[in-house]
Amino acid sequence: MSYSYRSTRSSARGSGRRPGGQQNRNRSRGGGGNRQYIDPSRFIKVANPVETQSYEPLNAFTDFALPQLLQDNLAKLGYKLPSPIQDQAIPVALTGKDVIGIASTGTGKTAAFGLPVLARLLADRKSAALIVAPTRELAQQIEAELRKIARGSGLTGAVLIGGTSMGPQLRDLRAKPRVVIGTPGRIKDHLERGTLNLQNFTMVVLDEVDRMLDMGFVNDVTDILSQFGGERQSFFFSATMDERVRKLITVFTENPVTIALKASSASENVHQDVVKFQSHNEKLDKLHDILIRDEVSKAIIFDETQRSVERLSNELVARGFQAESLHGGKSQGQRQRALAKFKKSEVRVLVATDVAARGIDIVDITHVVNYSVPKVYDDYIHRIGRAGRAGKVGYALTFVGK
């Protein structure tokens, strides 16, 4: 096809990392900062589904000043009425202004920034865009959605993520891609190598800024933004606006327009409870008993470290469960295969680190199990938000030692 994001999806040839690159930097990031004591009572709450008020958009997608090719693709994809963040952000972004979007995951943010970015790329052949996401999975989801929207445009791109070979990424960068999508660590690697130059890039998107900062990417993100040359249009999307996010935005935007949607509480649709245990064997037996319940059709289990995730996954498989593991120590190919099996329900249990707490869009997860207590309460909220989606009631169980 003419639209060719040549993402490095196959990774069997190795990581291609060099000493001091993303792999080593990740060890120092900690993935969530210092541990915070969380009162176990905060893990107990009866689901209270709130009937959401219908949103009446001011525009239809056909009202937006988009190139005809994008309009045609949107029509084929069934896009008719925009979500709130799309309805409010797209008209502002099309004027060239910087945009700050405060909206929860799953609200349509990708199209909210993707359509204005693609429109400018098609209108100005000298323009180029960098899109930064906190996780490999989210970067690939963004790539997949933009690929569909821009089908037939002839735009080229590159996906720069860890866990994949450097070779295809270097090839794609030599072709001067118009869109570069990646995670902070791998983007920084290419900047340090001199294989990526942002001086002539005219747009930058930071998606899930708060999550990037939670993961310890603040220095990488700051360094990346400082590599831009002249004027640029900036898009910052975040679920929350704390002091760290506000400081970053203040430094790297100019007279931005802020669009803040009322945050949806992921916990309202999730019935939350604790599971108390005394020993490792009792803990594992109680998890076994939970997973064999009829109502547990698809579960994601969070544990703290790559090693503990792998060990727990193997123990569950040995007990006869169909389970896969997902963590940062796996190659991107392994992570994609595990996630694909889980999405297709070929396995119904996914054991993961917090790499799966955001950026994974699976609507039929019935249960979230916190096999280890999260480091901070915000991580807990993001974890349990994997269940109770699409208006359904979900369940979250957190293991707490007696």
# chains A, B, ... in the order shown; residues from 1 in each chain; ligands from 1

call {"tool": "closest_atom_pairs", "arguments": {"of": "region 223-301 of chain A", "to": "region 319-323 of chain A", "cutoff": "12 Å", "atoms": "only C-alpha atoms", "output": "JSON lines"}}
result
{"residue": "A:Leu284", "atom": "CA", "partner": "A:Arg319", "partner_atom": "CA", "distance": 10.4}
{"residue": "A:Asp285", "atom": "CA", "partner": "A:Arg319", "partner_atom": "CA", "distance": 10.2}
{"residue": "A:Leu287", "atom": "CA", "partner": "A:Arg319", "partner_atom": "CA", "distance": 11.2}
{"residue": "A:His288", "atom": "CA", "partner": "A:Arg319", "partner_atom": "CA", "distance": 8.3}
{"residue": "A:Asp289", "atom": "CA", "partner": "A:Arg319", "partner_atom": "CA", "distance": 11.3}
{"residue": "A:Ile290", "atom": "CA", "partner": "A:Phe321", "partner_atom": "CA", "distance": 11.9}
{"residue": "A:Leu291", "atom": "CA", "partner": "A:Phe321", "partner_atom": "CA", "distance": 8.5}
{"residue": "A:Ile292", "atom": "CA", "partner": "A:Phe321", "partner_atom": "CA", "distance": 8.9}
{"residue": "A:Ser297", "atom": "CA", "partner": "A:Gln322", "partner_atom": "CA", "distance": 11.6}
{"residue": "A:Lys298", "atom": "CA", "partner": "A:Ala323", "partner_atom": "CA", "distance": 10.3}
{"residue": "A:Ala299", "atom": "CA", "partner": "A:Ala323", "partner_atom": "CA", "distance": 9.6}
{"residue": "A:Ile300", "atom": "CA", "partner": "A:Ala323", "partner_atom": "CA", "distance": 9.6}
{"residue": "A:Ile301", "atom": "CA", "partner": "A:Ala323", "partner_atom": "CA", "distance": 10.1}

call {"tool": "select_by_dssp", "arguments": {"residues": "region 21-185 of chain A", "states": "strand (DSSP E or B)", "output": "PyMOL selection string"}}
result
chain A and resi 45+99-102+129-132+156-160+179-182

call {"tool": "write_last_selection", "arguments": {"atoms": "C-alpha atoms", "output": "PDB file, in the first residue's frame"}}
result
ATOM      1  CA  LYS A  45     -15.415  -0.816  47.242  1.00  0.00           C
ATOM      2  CA  VAL A  99      -3.159  21.698  22.516  1.00  0.00           C
ATOM      3  CA  ILE A 100      -3.248  20.255  26.021  1.00  0.00           C
ATOM      4  CA  GLY A 101      -5.803  17.487  26.363  1.00  0.00           C
ATOM      5  CA  ILE A 102      -6.730  16.180  29.798  1.00  0.00           C
ATOM      6  CA  ALA A 129       5.825  14.756  13.284  1.00  0.00           C
ATOM      7  CA  LEU A 130       7.203  12.915  16.312  1.00  0.00           C
ATOM      8  CA  ILE A 131       4.731  11.001  18.496  1.00  0.00           C
ATOM      9  CA  VAL A 132       5.983   9.769  21.864  1.00  0.00           C
ATOM     10  CA  THR A 156       5.953   7.101   5.309  1.00  0.00           C
ATOM     11  CA  GLY A 157       6.810   6.489   8.927  1.00  0.00           C
ATOM     12  CA  ALA A 158       8.979   4.661  11.422  1.00  0.00           C
ATOM     13  CA  VAL A 159       8.220   3.020  14.747  1.00  0.00           C
ATOM     14  CA  LEU A 160      11.068   3.233  17.251  1.00  0.00           C
ATOM     15  CA  VAL A 179       5.943  10.382  11.038  1.00  0.00           C
ATOM     16  CA  VAL A 180       8.090   8.884  13.776  1.00  0.00           C
ATOM     17  CA  ILE A 181       6.326   7.057  16.611  1.00  0.00           C
ATOM     18  CA  GLY A 182       8.223   5.638  19.548  1.00  0.00           C
TER      19      GLY A 182
END

call {"tool": "residues_around", "arguments": {"residues": "region 92-98 of chain A", "least_positions_apart": "6", "cutoff": "10 Å", "atoms": "only C-alpha atoms", "output": "PyMOL selection string"}}
result
chain A and resi 64-66+112-113+115-117+119-120+203-205+232-236+252-259

call {"tool": "closest_residue", "arguments": {"among": "A:Ser238, A:Ile38, A:Gly106, A:Thr195", "to": "Asp379 (chain A)", "atoms": "only C-alpha atoms"}}
result
A:Ile38

call {"tool": "closest_residue", "arguments": {"among": "A:Arg211, A:Gly167, A:Thr183, A:Leu69", "to": "Ser153 (chain A)", "atoms": "only C-alpha atoms"}}
result
A:Leu69

call {"tool": "select_by_dssp", "arguments": {"residues": "region 130-284 of chain A", "states": "alpha helix (DSSP H)", "output": "PyMOL selection string"}}
result
chain A and resi 136-149+166-174+184-193+209-214+218-225+243-252+280-284

call {"tool": "closest_residue", "arguments": {"among": "A:Leu70, A:Leu206, A:Leu196, A:Val245", "to": "Ile142 (chain A)", "atoms": "only C-alpha atoms"}}
result
A:Leu206

call {"tool": "closest_residue", "arguments": {"among": "A:Gln332, A:Ala396, A:Ala338, A:Arg348", "to": "Phe302 (chain A)", "atoms": "only C-alpha atoms"}}
result
A:Ala396

call {"tool": "closest_residue", "arguments": {"among": "A:Asn314, A:Thr135, A:Thr222, A:Thr107", "to": "Asp87 (chain A)", "atoms": "only C-alpha atoms"}}
result
A:Thr107
